[in-house]
Each structure stands twice: as structure tokens, then as C-alpha cells.
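Below is the file query_34.txt, which contains compact mmCIF, C-alpha atoms and all ligand atoms.
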```
# COMPACT_ATOMS: atom_id res chain seq x y z
CA MET F 23 21.14 -9.02 -18.32
CA ARG F 24 20.06 -10.68 -15.05
CA ILE F 25 17.84 -8.62 -12.80
CA ALA F 26 16.82 -9.18 -9.17
CA PHE F 27 13.15 -8.13 -8.98
CA PHE F 28 12.03 -7.08 -5.47
CA ASP F 29 8.56 -6.85 -3.89
CA THR F 30 7.08 -9.09 -6.59
CA LYS F 31 3.33 -9.19 -6.90
CA GLN F 32 1.51 -11.83 -8.93
CA TYR F 33 0.40 -9.22 -11.50
CA ASP F 34 4.05 -8.26 -12.22
CA VAL F 35 5.23 -11.68 -13.33
CA GLY F 36 3.35 -12.05 -16.65
CA PRO F 37 4.16 -8.66 -18.24
CA PHE F 38 7.79 -8.63 -17.06
CA THR F 39 8.46 -12.22 -18.12
CA ARG F 40 6.95 -11.59 -21.57
CA CYS F 41 8.78 -8.29 -22.20
CA GLY F 42 12.02 -9.63 -20.66
CA GLU F 43 12.08 -12.80 -22.78
CA ALA F 44 11.58 -10.79 -25.96
CA ALA F 45 14.60 -8.61 -25.11
CA GLY F 46 16.99 -11.12 -23.53
CA VAL F 47 16.47 -9.78 -19.99
CA GLU F 48 16.05 -12.42 -17.28
CA PHE F 49 14.15 -11.52 -14.11
CA LYS F 50 14.50 -13.43 -10.85
CA PHE F 51 11.35 -12.62 -8.88
CA PHE F 52 11.86 -12.13 -5.12
CA GLU F 53 8.90 -11.55 -2.81
CA PRO F 54 10.63 -9.45 -0.12
CA LYS F 55 10.98 -5.72 -0.43
CA LEU F 56 14.45 -4.32 -1.00
CA THR F 57 15.91 -3.28 2.37
CA ALA F 58 19.35 -3.38 3.97
CA ASP F 59 18.48 -6.92 5.14
CA THR F 60 17.46 -8.22 1.71
CA ALA F 61 19.99 -6.39 -0.49
CA GLY F 62 22.24 -9.47 -0.39
CA LEU F 63 19.72 -11.34 -2.58
CA ALA F 64 20.94 -9.17 -5.45
CA ALA F 65 24.50 -10.57 -5.34
CA GLY F 66 25.61 -11.57 -8.83
CA TYR F 67 22.83 -9.70 -10.63
CA ASP F 68 23.45 -6.81 -13.04
CA GLY F 69 20.65 -4.72 -11.64
CA VAL F 70 17.69 -4.55 -9.28
CA CYS F 71 14.13 -3.73 -10.25
CA ILE F 72 12.16 -2.02 -7.46
CA PHE F 73 8.81 -0.38 -6.73
CA VAL F 74 7.40 2.40 -4.55
CA ASN F 75 7.84 0.82 -1.13
CA ASP F 76 11.29 -0.67 -1.60
CA THR F 77 14.11 1.19 0.12
CA ALA F 78 17.23 2.34 -1.71
CA ASP F 79 18.85 4.59 0.88
CA ALA F 80 22.60 5.12 1.23
CA GLU F 81 23.11 1.89 3.19
CA VAL F 82 21.22 -0.22 0.64
CA ILE F 83 22.99 1.47 -2.27
CA ASP F 84 26.40 0.72 -0.72
CA LYS F 85 25.41 -2.93 -0.18
CA LEU F 86 24.19 -3.31 -3.77
CA TYR F 87 27.32 -1.63 -5.12
CA ASN F 88 29.55 -3.95 -3.08
CA GLU F 89 27.60 -6.94 -4.45
CA GLY F 90 28.48 -5.84 -8.01
CA VAL F 91 25.05 -4.46 -8.94
CA ARG F 92 25.33 -1.66 -11.51
CA PHE F 93 21.87 -0.11 -11.65
CA ILE F 94 18.47 0.39 -10.05
CA ALA F 95 15.56 0.11 -12.48
CA LEU F 96 12.52 1.67 -10.81
CA ARG F 97 9.26 0.31 -12.22
CA CYS F 98 7.39 3.47 -11.20
CA ALA F 99 7.51 7.21 -11.79
CA GLY F 100 8.24 8.53 -8.27
CA TYR F 101 11.78 8.03 -6.92
CA ASN F 102 11.51 9.52 -3.41
CA ASN F 103 12.52 6.11 -2.00
CA VAL F 104 15.93 6.27 -3.72
CA ASP F 105 18.83 8.39 -2.47
CA VAL F 106 19.68 9.55 -5.99
CA LYS F 107 22.49 11.76 -4.78
CA HIS F 108 24.22 8.93 -2.94
CA ALA F 109 23.79 6.71 -6.00
CA PHE F 110 25.97 9.09 -8.04
CA GLY F 111 29.22 7.39 -9.00
CA ARG F 112 27.92 4.07 -7.64
CA LEU F 113 24.69 2.98 -9.29
CA HIS F 114 22.76 4.24 -12.30
CA VAL F 115 19.09 4.90 -11.60
CA PHE F 116 16.30 4.70 -14.20
CA HIS F 117 12.58 5.18 -13.76
CA VAL F 118 9.40 4.98 -15.83
CA PRO F 119 8.37 8.61 -16.12
CA ALA F 120 5.02 7.90 -17.73
CA TYR F 121 3.12 4.69 -18.28
CA SER F 122 -0.49 5.74 -18.13
CA PRO F 123 -1.31 9.11 -16.65
CA TYR F 124 -4.90 8.15 -17.53
CA ALA F 125 -4.85 5.22 -15.07
CA VAL F 126 -4.00 7.50 -12.13
CA ALA F 127 -6.13 10.48 -13.14
CA GLU F 128 -9.15 8.26 -13.82
CA HIS F 129 -8.70 6.58 -10.43
CA ALA F 130 -8.63 10.00 -8.75
CA MET F 131 -11.95 10.84 -10.42
CA ALA F 132 -13.36 7.39 -9.56
CA LEU F 133 -12.54 8.00 -5.88
CA LEU F 134 -14.08 11.47 -6.00
CA LEU F 135 -17.34 10.28 -7.60
CA THR F 136 -17.53 7.29 -5.25
CA SER F 137 -17.11 9.56 -2.27
CA ILE F 138 -19.48 12.37 -3.13
CA ARG F 139 -22.23 10.14 -4.61
CA ARG F 140 -21.85 7.57 -1.76
CA ILE F 141 -21.40 4.68 -4.22
CA HIS F 142 -19.43 2.66 -1.64
CA LYS F 143 -22.37 2.89 0.76
CA ALA F 144 -24.98 2.15 -1.92
CA TYR F 145 -23.04 -0.96 -3.00
CA ASN F 146 -23.13 -2.38 0.52
CA ARG F 147 -26.71 -1.33 1.19
CA THR F 148 -28.32 -2.84 -1.89
CA ARG F 149 -26.41 -6.11 -1.40
CA ASP F 150 -28.25 -6.20 1.92
CA PHE F 151 -31.56 -5.41 0.14
CA ASN F 152 -31.60 -2.07 1.93
CA PHE F 153 -32.97 0.39 -0.64
CA SER F 154 -33.26 3.38 1.67
CA LEU F 155 -31.74 6.67 0.47
CA SER F 156 -31.21 8.17 3.87
CA GLY F 157 -27.77 9.78 4.21
CA MET F 158 -27.08 9.36 0.48
CA THR F 159 -27.39 13.00 -0.65
CA GLY F 160 -24.37 14.03 -2.68
CA PHE F 161 -23.51 17.19 -4.61
CA ASP F 162 -22.98 18.15 -8.27
CA LEU F 163 -19.43 18.51 -9.53
CA HIS F 164 -20.65 20.90 -12.21
CA GLY F 165 -19.74 24.47 -11.26
CA LYS F 166 -17.51 23.45 -8.33
CA THR F 167 -13.92 24.66 -8.06
CA VAL F 168 -11.20 22.02 -8.15
CA GLY F 169 -7.65 22.91 -7.14
CA VAL F 170 -4.97 20.78 -8.77
CA VAL F 171 -1.55 20.71 -7.10
CA GLY F 172 1.03 19.67 -9.70
CA THR F 173 0.16 20.06 -13.37
CA GLY F 174 2.46 17.46 -14.92
CA ARG F 175 1.31 14.46 -16.91
CA ILE F 176 -1.25 13.13 -14.41
CA GLY F 177 -2.43 16.52 -13.14
CA ARG F 178 -3.20 17.66 -16.67
CA VAL F 179 -5.20 14.54 -17.55
CA PHE F 180 -7.13 15.05 -14.32
CA ILE F 181 -7.77 18.68 -15.34
CA ASP F 182 -9.10 17.51 -18.73
CA ILE F 183 -11.46 15.08 -16.98
CA CYS F 184 -12.66 17.84 -14.63
CA ARG F 185 -13.26 20.16 -17.60
CA GLY F 186 -15.61 17.49 -18.98
CA PHE F 187 -17.63 17.77 -15.78
CA GLY F 188 -17.97 21.55 -16.17
CA MET F 189 -15.85 22.34 -13.12
CA ASN F 190 -13.87 25.53 -12.54
CA ILE F 191 -10.18 24.67 -12.41
CA ILE F 192 -7.39 26.42 -10.56
CA ALA F 193 -3.90 25.01 -10.13
CA TYR F 194 -0.63 25.41 -8.28
CA ASP F 195 2.72 24.22 -9.64
CA LYS F 196 6.23 25.27 -8.69
CA PHE F 197 7.00 25.28 -12.41
CA PRO F 198 3.78 26.46 -14.11
CA ALA F 199 3.28 25.20 -17.66
CA LYS F 200 3.36 28.12 -20.06
CA ASP F 201 0.58 28.42 -22.66
CA ALA F 202 -1.39 25.51 -21.13
CA GLY F 203 -4.48 27.62 -20.56
CA ILE F 204 -4.37 26.75 -16.84
CA ASP F 205 -5.37 29.34 -14.24
CA TYR F 206 -2.42 29.23 -11.79
CA VAL F 207 -2.78 30.64 -8.28
CA GLY F 208 -0.61 30.51 -5.13
CA LEU F 209 -0.98 27.47 -2.88
CA SER F 210 -2.73 29.43 -0.11
CA GLU F 211 -5.28 30.82 -2.57
CA LEU F 212 -5.85 27.33 -3.96
CA TYR F 213 -6.42 26.01 -0.43
CA ALA F 214 -8.86 28.83 0.33
CA ARG F 215 -10.92 28.66 -2.88
CA SER F 216 -11.15 24.95 -3.73
CA ASP F 217 -14.18 22.75 -3.11
CA ILE F 218 -12.02 19.79 -4.11
CA ILE F 219 -8.21 19.53 -3.99
CA SER F 220 -6.29 16.85 -5.85
CA PHE F 221 -2.55 16.30 -5.29
CA HIS F 222 -0.40 15.36 -8.30
CA CYS F 223 3.07 16.68 -7.45
CA PRO F 224 6.07 14.55 -6.46
CA LEU F 225 7.17 14.03 -2.86
CA THR F 226 10.28 16.11 -2.18
CA ASP F 227 11.72 17.87 0.86
CA GLU F 228 9.71 20.89 -0.23
CA THR F 229 6.36 19.13 -0.71
CA TYR F 230 6.62 16.94 2.43
CA HIS F 231 3.52 17.64 4.57
CA MET F 232 2.37 20.46 2.31
CA LEU F 233 -1.02 19.86 3.89
CA ASN F 234 -0.36 20.10 7.63
CA SER F 235 -1.99 21.37 10.82
CA GLU F 236 -1.27 24.99 9.82
CA THR F 237 -2.39 24.79 6.19
CA VAL F 238 -5.53 22.82 7.11
CA LYS F 239 -6.69 26.11 8.66
CA GLU F 240 -6.55 27.75 5.21
CA LEU F 241 -8.97 25.22 3.64
CA LYS F 242 -12.51 25.99 2.55
CA ARG F 243 -14.95 24.30 4.92
CA GLY F 244 -16.21 20.97 3.53
CA VAL F 245 -13.38 20.53 1.00
CA VAL F 246 -12.81 17.07 -0.48
CA ILE F 247 -9.13 16.06 -0.44
CA ILE F 248 -7.84 13.58 -3.04
CA ASN F 249 -4.34 12.15 -2.83
CA THR F 250 -3.17 9.72 -5.50
CA SER F 251 0.43 11.00 -5.47
CA ARG F 252 2.48 10.19 -2.36
CA GLY F 253 1.18 9.81 1.20
CA ALA F 254 3.65 12.13 2.90
CA LEU F 255 2.40 15.16 0.97
CA ILE F 256 -0.23 15.14 3.70
CA ASP F 257 0.35 15.00 7.46
CA ALA F 258 -2.08 12.17 8.25
CA GLU F 259 -2.65 13.39 11.84
CA ALA F 260 -3.56 16.86 10.54
CA LEU F 261 -5.89 15.30 7.98
CA LEU F 262 -7.62 13.32 10.71
CA ALA F 263 -7.95 16.41 12.90
CA GLY F 264 -9.34 18.36 9.91
CA ILE F 265 -11.96 15.67 9.32
CA LYS F 266 -12.91 15.52 12.99
CA SER F 267 -13.31 19.30 13.14
CA ARG F 268 -15.52 19.11 9.97
CA VAL F 269 -13.18 21.44 8.02
CA ILE F 270 -12.41 18.60 5.64
CA GLY F 271 -15.65 17.19 4.23
CA ALA F 272 -14.17 14.00 2.77
CA ALA F 273 -10.86 12.38 1.92
CA CYS F 274 -10.02 10.03 -0.96
CA LEU F 275 -6.66 8.42 -0.39
CA ASP F 276 -4.80 6.02 -2.67
CA VAL F 277 -1.59 6.66 -0.75
CA TYR F 278 -0.77 7.00 2.93
CA GLU F 279 2.25 8.35 4.75
CA GLU F 280 3.07 5.11 6.53
CA GLU F 281 1.86 2.76 3.82
CA SER F 282 5.11 0.91 3.16
CA ASP F 283 4.58 -1.94 5.64
CA ILE F 284 0.83 -2.15 5.12
CA PHE F 285 -0.30 -1.50 1.57
CA PHE F 286 -0.26 -4.35 -0.96
CA GLU F 287 -0.53 -6.92 1.89
CA ASP F 288 -3.53 -8.83 3.31
CA PHE F 289 -4.05 -7.91 6.97
CA SER F 290 -7.68 -9.02 7.07
CA GLY F 291 -7.00 -11.57 9.81
CA HIS F 292 -4.71 -9.34 11.85
CA ILE F 293 -4.79 -6.28 14.06
CA VAL F 294 -3.26 -3.30 12.31
CA ASP F 295 -1.10 -1.29 14.71
CA ASP F 296 -1.40 2.01 12.85
CA ASP F 297 -4.09 3.85 14.87
CA THR F 298 -4.19 6.85 12.52
CA LEU F 299 -4.91 4.68 9.49
CA ALA F 300 -7.46 2.64 11.45
CA ARG F 301 -9.22 5.83 12.56
CA LEU F 302 -9.20 7.27 9.02
CA ILE F 303 -10.65 4.06 7.58
CA SER F 304 -13.36 4.07 10.25
CA MET F 305 -14.61 7.50 9.09
CA PRO F 306 -17.74 7.43 6.92
CA ASN F 307 -16.31 10.15 4.66
CA VAL F 308 -12.90 8.60 4.01
CA ILE F 309 -12.15 6.17 1.17
CA VAL F 310 -8.82 4.39 1.11
CA THR F 311 -7.48 2.32 -1.78
CA SER F 312 -4.18 0.52 -1.49
CA HIS F 313 -1.92 2.44 -3.93
CA GLN F 314 -3.80 0.93 -6.85
CA ALA F 315 -4.27 4.00 -9.05
CA PHE F 316 -1.63 2.74 -11.49
CA LEU F 317 -3.12 -0.75 -11.74
CA THR F 318 -4.56 -1.09 -15.22
CA GLU F 319 -3.59 -3.61 -17.90
CA GLU F 320 -2.36 -0.82 -20.14
CA ALA F 321 -0.19 0.64 -17.40
CA LEU F 322 1.30 -2.74 -16.40
CA HIS F 323 2.25 -3.48 -19.99
CA ASN F 324 3.77 -0.01 -20.48
CA ILE F 325 5.68 -0.25 -17.17
CA ALA F 326 7.22 -3.60 -18.14
CA GLU F 327 8.01 -2.44 -21.69
CA THR F 328 9.67 0.81 -20.58
CA THR F 329 11.61 -0.85 -17.73
CA VAL F 330 12.97 -3.52 -20.06
CA GLY F 331 13.74 -0.81 -22.66
CA ASN F 332 15.67 1.16 -20.01
CA ILE F 333 17.68 -1.94 -19.10
CA THR F 334 18.52 -2.93 -22.69
CA ASP F 335 19.38 0.67 -23.60
CA PHE F 336 21.73 0.80 -20.64
CA GLY F 337 23.31 -2.47 -21.82
CA VAL F 338 24.03 -0.93 -25.22
CA ARG F 339 24.77 2.74 -24.45
CA GLY F 340 25.73 2.76 -20.78
CA THR F 341 22.76 5.07 -20.12
CA CYS F 342 19.13 5.48 -21.19
CA ASP F 343 16.71 8.34 -21.82
CA ASN F 344 14.99 7.70 -18.47
CA GLU F 345 18.14 7.79 -16.37
CA LEU F 346 17.77 10.25 -13.50
CA CYS F 347 20.24 13.08 -13.57
CA TYR F 348 21.49 12.87 -10.04
CA HIS F 349 24.79 14.67 -9.74
CA CYS F 350 23.35 17.66 -7.92
CA GLY F 351 20.55 15.54 -6.47
CA ASN F 352 18.10 18.06 -7.83
CA THR F 353 16.43 16.29 -10.69
CA GLU F 354 13.50 18.68 -10.96
CA THR F 355 15.47 21.87 -11.47
CA CYS F 356 18.69 20.65 -13.06
CA LYS F 357 19.75 23.35 -15.50
CA LYS F 358 20.97 20.67 -17.89
CA GLN F 359 17.33 19.55 -18.24
CA ARG F 360 18.09 15.88 -18.91
CA LEU F 361 19.39 16.46 -22.44
CA GLU F 362 22.93 17.11 -21.31
CA ARG F 363 23.27 15.25 -18.04
CA CYS F 364 25.93 15.56 -15.37
CA PHE F 365 26.99 11.91 -15.22
P1 LIG O 1 5.19 14.83 -13.53
O1 LIG O 1 6.66 14.91 -13.27
O2 LIG O 1 4.72 14.75 -14.95
O3 LIG O 1 4.46 16.09 -12.85
C1 LIG O 1 4.76 16.53 -11.56
C2 LIG O 1 4.40 18.01 -11.50
O4 LIG O 1 4.62 18.45 -10.16
C3 LIG O 1 5.27 18.87 -12.42
O5 LIG O 1 4.46 19.75 -13.18
C4 LIG O 1 6.17 19.63 -11.46
O6 LIG O 1 6.53 20.92 -11.94
C5 LIG O 1 5.28 19.73 -10.23
N1 LIG O 1 6.03 20.02 -9.02
C6 LIG O 1 7.31 19.71 -8.71
N2 LIG O 1 7.64 20.21 -7.51
C7 LIG O 1 6.55 20.87 -7.05
C8 LIG O 1 6.27 21.62 -5.88
N3 LIG O 1 7.22 21.81 -4.93
N4 LIG O 1 5.04 22.15 -5.74
C9 LIG O 1 4.09 21.98 -6.70
N5 LIG O 1 4.30 21.29 -7.84
C10 LIG O 1 5.51 20.75 -8.01
O7 LIG O 1 4.67 13.60 -12.69
P2 LIG O 1 3.34 12.74 -12.94
O8 LIG O 1 3.62 11.65 -13.90
O9 LIG O 1 2.21 13.67 -13.21
O10 LIG O 1 3.17 12.04 -11.51
C11 LIG O 1 2.87 12.82 -10.36
C12 LIG O 1 3.05 11.99 -9.12
O11 LIG O 1 2.07 10.96 -9.09
C13 LIG O 1 4.39 11.22 -9.05
O12 LIG O 1 5.41 12.00 -8.48
C14 LIG O 1 4.05 10.02 -8.19
O13 LIG O 1 4.41 10.34 -6.86
C15 LIG O 1 2.54 9.90 -8.29
N6 LIG O 1 2.11 8.63 -8.88
C16 LIG O 1 1.23 7.84 -8.18
C17 LIG O 1 0.77 6.65 -8.70
C18 LIG O 1 -0.21 5.79 -7.99
O14 LIG O 1 -0.40 4.61 -8.36
N7 LIG O 1 -0.91 6.27 -6.96
C19 LIG O 1 1.26 6.18 -10.01
C20 LIG O 1 2.12 7.12 -10.69
C21 LIG O 1 2.54 8.30 -10.12
```
Represent the structure contained in this file as C-alpha cells.
Amino acid sequence: MRIAFFDTKQYDVGPFTRCGEAAGVEFKFFEPKLTADTAGLAAGYDGVCIFVNDTADAEVIDKLYNEGVRFIALRCAGYNNVDVKHAFGRLHVFHVPAYSPYAVAEHAMALLLTSIRRIHKAYNRTRDFNFSLSGMTGFDLHGKTVGVVGTGRIGRVFIDICRGFGMNIIAYDKFPAKDAGIDYVGLSELYARSDIISFHCPLTDETYHMLNSETVKELKRGVVIINTSRGALIDAEALLAGIKSRVIGAACLDVYEEESDIFFEDFSGHIVDDDTLARLISMPNVIVTSHQAFLTEEALHNIAETTVGNITDFGVRGTCDNELCYHCGNTETCKKQRLERCF
């Protein structure tokens, strides 16, 4: 199998080369993201391997199909950047449903602790030999109410971590997990009661801007918002307005609505045109990381291993366990539940 690997980062090359060589899968590493303009690079390859900010819309899928590509191997869990419905009958689509829910959940907690205990400020201050504590007062997590939106693999690990801190946990999920001992409430109640809200659901048409200018009004004053899922769950303008009006006490963002042309790149010597992002970053109570929640050694190894496994399985069986069931385009609620897929 020969795979065109898009949006290559230096940390991808080692794990993918090692796992690929062991399984007879050859990766050609391309730096550009997959777009309609770069799809031609995949000519002659069996498949493409893409990440969160590559684009596989209908136009790109048609181009890949016409170049003889047979599948898209996502090296991530989320697949909102792929038109899975359009891919039906053209390209097979696989993803890596889980590689380390711990990596993401632990990063969410790291952001929360950094924010509320002002670690980012302390780090800069003491490097400057400024040992003053003014403005450093935080608050205890113990006894606070955290609202978790999406109680899948990552959401549940985050809940376990929060339990260790003695927090009260409430959750909202469109498909609540039975017998999980989780106290489910409606989304409006979660917004109204939570001191901290952490988003762990996928980005879909339904979850797009689930925190917006209307729902910001439902939030408890001073709430800390954590988003390690997908940027567009939150309307960034509404978030900014909520922070300016002091309704939102702090925001911890590993993802951002318009991140695709910015995150993962070095803009330190440039002027960033995105005023909303620039304004958010300038706020003393906002922490932004560059979609790095997944970035642990364990996760990188698991991502490479599962992606290569998906590709070799497809080579043998013509499908794999992590193929997305895309006939109806409704992978979350497909009645066939992945065991008996449409394709
Ligand atoms: P998962 O599929 O195990 O869990 C997602 C949960 O969201 C499920 O319980 C599902 O029922 C629920 N859900 C679906 N639609 C919903 C809706 N309309 N409202 C509320 N809940 C809904 O996924 P997992 O592995 O926990 O990942 C969650 C998300 O985290 C992914 O979709 C991805 O976008 C993001 N992610 C971010 C990473 C990062 O580096 N920042 C890395 C990996 C994943």
C-alpha cells in the first residue's frame, strides 16, 4: 500500500514510518494540507492519510476518486472535515476512534488548573524574579459543579479525573450512557448550574455553535469554559462577548472555530488577521493551546498503529472495524450500529 500523507508534522514521521515499515505500508509525507488545490499530489496512491484541518469535501473527494485513490485514512477521531455522505460509493473512510482519551482529558484538566490557579502568570512572573502574589487568588475545585457535555470516551475520563478532585458532576449527552452512574440533566440546566463546563461531544450540524449569544445568557456568572473538542461548538464572537460582559469568568481553549489556517503553524513573526482570536488571546482569563490535547507519545504511537492497522485490514478484507458507516450520512445514530454496516 502506498499512502499520500497530508499536513505532515515532524512528530508524525517517526511513528508512522516505524509502524508502516513493519506492516508493508509506505507513506509519502507531504507538508501541505489536503485541499482541492493539493489533491492532485495523491495521484497514483492507494489512499490518503489526513488530520483535523485537512479538507475532504465533495470537490476534494471527487478529485481523489478520479486520481484512483480508494480510501481516506483519518489519523484522528473527529471526521467533521470529511463529507462522509458524498464519499459513499467513491472512497472508503476510516478513522481512529480512540487512541488516548487520557491525553485529551488530562489536557483539559491541565488547562483548567492552569487557568484557575494562575500558573501561566506565575511562570512568567517568577522568571522575572517577581514574587508578588497580587492578582493570583484562585479557587478550590473541591465542591464545585462541573458540567460535562458529551460522555463518550474522553468525557468519561474527564469525569473520573473530576471525581478525584471531589467535584459535583452533571452531564448532558444526546445518547446518555445507561448504568454509568452519571447524573444527566438537560443542556439548559447544565448551563445554568455549572461552575465549569467542559465540551467533549463531536461537531455535527446539531452541535454547531451550541454555545452561542443566546445560550451564553443561560450560563452561571463566572463559569469557566473548557473546549478540547472542536472549535465550532462555540461561537467565538459570543464567547468573547460573554467574557467582556463578565458572564464567562475564564476560557480554556485547545480548539478554535477558525483554527484551520492558523493552528500548528508559527506566526510569531507575522500579524495574525483573525481579530477575534487576537482579542481572545489578549484576555488575562483566556488560555489558548494549539490543538495539542492529543499530543502525547502514547497517543502518537496508538494513532500510527491503528491507522496502519486500518489500512492493512482494508487491504485484506476490503473494509476495517474503524470504517465509518456513511450510507445515510448519520454515523452517530445509524440503526445498524457499525456491526452490520450499509456499505
Ligand atoms: P466519543 O464518540 O467516544 O464520545 C462523543 C460523545 O458525544 C458520545 O457520548 C455521544 O453520544 C455524544 N454526542 C453525540 N452527539 C451529541 C449531541 N448532539 N449533544 C451532546 N452529546 C452528543 O468521542 P471521544 O473520543 O470522547 O471524542 C470527543 C471529541 O473530542 C471528538 O469528537 C473530537 O472532536 C474531540 N477530540 C479532540 C482532540 C484534541 O486534540 N483536542 C483529540 C481527540 C478528540
If the limit is 7 Å from any atom of ligand LIG 1 (chain O), counting all atoms listed in the file, which residues qualify? Return them as a ChimeraX atom specification.
/F:98-100,119-120,123,126,171-177,194-198,222-225,228-229,250-252,276-277,313-317,354
re atom CA of F:Gly244 and atom CA of F:Val269: distance 5.4 Å
Which residues, written as a tab-separated table (two decimals) with C-alpha atoms, keeping the file's coordinate frame, have at least one atom at most 7 Å from F:Glu345, with all atoms listed in the file counted and residues fewer than 3 positions away on the same chain left out?
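For reference, around-v3.tsv as written:
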```tsv
chain	number	residue	atom	x	y	z
F	115	VAL	CA	19.09	4.90	-11.60
F	116	PHE	CA	16.30	4.70	-14.20
F	117	HIS	CA	12.58	5.18	-13.76
F	341	THR	CA	22.76	5.07	-20.12
F	342	CYS	CA	19.13	5.48	-21.19
```
What does the distance from atom CA of F:Ala125 to atom CA of F:Ala321 come to in Å, to one decimal?
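Separation between atom CA of F:Ala125 and atom CA of F:Ala321: 6.9 Å.
The space separating atom CA of F:Ala263 from atom CA of F:Thr237 comes to 12.1 Å.
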Could you name the residues that touch F:Asp205 at 12 Å or less, counting all atoms listed in the file, but leaving out those on the same chain fewer than 2 positions away, as a list in words?
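Close residues of F:Asp205: Thr167, Val168, Gly169, Val170, Val171, Thr173, Ile181, Asn190, Ile191, Ile192, Ala193, Tyr194, Asp195, Pro198, Ala199, Lys200, Asp201, Ala202, Gly203, Val207, Gly208, Glu211 and Leu212 of chain F.
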Find the residues around F:Glu320 up to 9 Å (only C-alpha atoms counted), leave out those fewer than 4 positions away in its own chain, and share them as an MDAnalysis selection string.
chainID F and resid 121:122 125 324:325
I want to know what sits within 10 Å of F:Ala80, based on only C-alpha atoms, with residues of the same chain fewer than 5 positions away left out; could you give that as a CSV table (one decimal) with C-alpha atoms, keeping the file's coordinate frame?
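As a result, out.csv now contains:
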```
chain,number,residue,atom,x,y,z
F,58,ALA,CA,19.4,-3.4,4.0
F,85,LYS,CA,25.4,-2.9,-0.2
F,86,LEU,CA,24.2,-3.3,-3.8
F,104,VAL,CA,15.9,6.3,-3.7
F,105,ASP,CA,18.8,8.4,-2.5
F,106,VAL,CA,19.7,9.6,-6.0
F,107,LYS,CA,22.5,11.8,-4.8
F,108,HIS,CA,24.2,8.9,-2.9
F,109,ALA,CA,23.8,6.7,-6.0
```
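Considering all atoms listed in the file, the residue among F:Glu319, F:Glu43, F:Asp68, F:Glu81 positioned nearest to F:Phe27 is F:Asp68.
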Nearest residue to F:Ile303 from the set F:Ala132, F:Ala326, F:Ala272, F:Ala127 (distances using all atoms listed in the file):
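Ranking F:Ala132, F:Ala326, F:Ala272, F:Ala127 by distance to F:Ile303, first place goes to F:Ala272.
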Please return, as a VMD selection string, all polymer residues that have at least one atom within 12 Å of the point (22.5, -2.1, -22.4); use all atoms listed in the file and the file's own coordinate frame.
chain F and resid 23 to 24 45 to 47 68 to 69 92 to 93 114 329 to 343
List as number ranges by chain the protein and nucleic acid residues near F:Arg301, meaning an atom at most 12 Å away when all atoms listed in the file are counted, but skip any in the same chain fewer than 5 places from it.
F: 258-259, 261-263, 265-266, 294-296, 306-310
Restricting it to C-alpha atoms, dump the selection as a PDB file, keeping the file's coordinate frame.
```pdb
ATOM      1  CA  ALA F 258      -2.080  12.170   8.250  1.00  0.00           C
ATOM      2  CA  GLU F 259      -2.650  13.390  11.840  1.00  0.00           C
ATOM      3  CA  LEU F 261      -5.890  15.300   7.980  1.00  0.00           C
ATOM      4  CA  LEU F 262      -7.620  13.320  10.710  1.00  0.00           C
ATOM      5  CA  ALA F 263      -7.950  16.410  12.900  1.00  0.00           C
ATOM      6  CA  ILE F 265     -11.960  15.670   9.320  1.00  0.00           C
ATOM      7  CA  LYS F 266     -12.910  15.520  12.990  1.00  0.00           C
ATOM      8  CA  VAL F 294      -3.260  -3.300  12.310  1.00  0.00           C
ATOM      9  CA  ASP F 295      -1.100  -1.290  14.710  1.00  0.00           C
ATOM     10  CA  ASP F 296      -1.400   2.010  12.850  1.00  0.00           C
ATOM     11  CA  PRO F 306     -17.740   7.430   6.920  1.00  0.00           C
ATOM     12  CA  ASN F 307     -16.310  10.150   4.660  1.00  0.00           C
ATOM     13  CA  VAL F 308     -12.900   8.600   4.010  1.00  0.00           C
ATOM     14  CA  ILE F 309     -12.150   6.170   1.170  1.00  0.00           C
ATOM     15  CA  VAL F 310      -8.820   4.390   1.110  1.00  0.00           C
TER      16      VAL F 310
END
```
Which of these residues is nearest to F:Asp76, using all atoms listed in the file: F:Thr226, F:Thr311, F:Thr60, F:Asn344?
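Counting all atoms listed in the file, the residue closest to F:Asp76 is F:Thr60.
Candidate residues F:Phe110, F:Arg243, F:Ala44, F:Phe52 were compared for distance to F:Lys31, and the nearest is F:Phe52, using all atoms listed in the file.
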Would you mind putting back N, CA and C atoms on stretch 33-45 of chain F, then writing it out as a short mmCIF file (atom, residue, chain, number, x, y, z; two decimals), in the coordinates of the input?
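Below is the file that was written, out.cif:
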```cif
data_model
loop_
_atom_site.label_atom_id
_atom_site.label_comp_id
_atom_site.auth_asym_id
_atom_site.auth_seq_id
_atom_site.Cartn_x
_atom_site.Cartn_y
_atom_site.Cartn_z
N TYR F 33 0.71 -9.90 -10.23
CA TYR F 33 0.40 -9.22 -11.50
C TYR F 33 1.65 -8.72 -12.24
N ASP F 34 2.81 -8.71 -11.56
CA ASP F 34 4.05 -8.26 -12.22
C ASP F 34 4.62 -9.34 -13.14
N VAL F 35 4.44 -10.60 -12.73
CA VAL F 35 5.23 -11.68 -13.33
C VAL F 35 4.96 -11.84 -14.83
N GLY F 36 3.69 -11.86 -15.23
CA GLY F 36 3.35 -12.05 -16.65
C GLY F 36 3.97 -10.99 -17.55
N PRO F 37 3.63 -9.70 -17.35
CA PRO F 37 4.16 -8.66 -18.24
C PRO F 37 5.69 -8.60 -18.26
N PHE F 38 6.32 -8.74 -17.09
CA PHE F 38 7.79 -8.63 -17.06
C PHE F 38 8.45 -9.85 -17.69
N THR F 39 7.87 -11.03 -17.49
CA THR F 39 8.46 -12.22 -18.12
C THR F 39 8.34 -12.10 -19.63
N ARG F 40 7.16 -11.71 -20.11
CA ARG F 40 6.95 -11.59 -21.57
C ARG F 40 7.91 -10.57 -22.18
N CYS F 41 7.92 -9.35 -21.62
CA CYS F 41 8.78 -8.29 -22.20
C CYS F 41 10.25 -8.65 -22.05
N GLY F 42 10.62 -9.27 -20.91
CA GLY F 42 12.02 -9.63 -20.66
C GLY F 42 12.49 -10.69 -21.66
N GLU F 43 11.67 -11.73 -21.86
CA GLU F 43 12.08 -12.80 -22.78
C GLU F 43 12.32 -12.27 -24.18
N ALA F 44 11.45 -11.34 -24.61
CA ALA F 44 11.58 -10.79 -25.96
C ALA F 44 12.87 -9.99 -26.13
N ALA F 45 13.43 -9.49 -25.01
CA ALA F 45 14.60 -8.61 -25.11
C ALA F 45 15.86 -9.22 -24.52
#
```
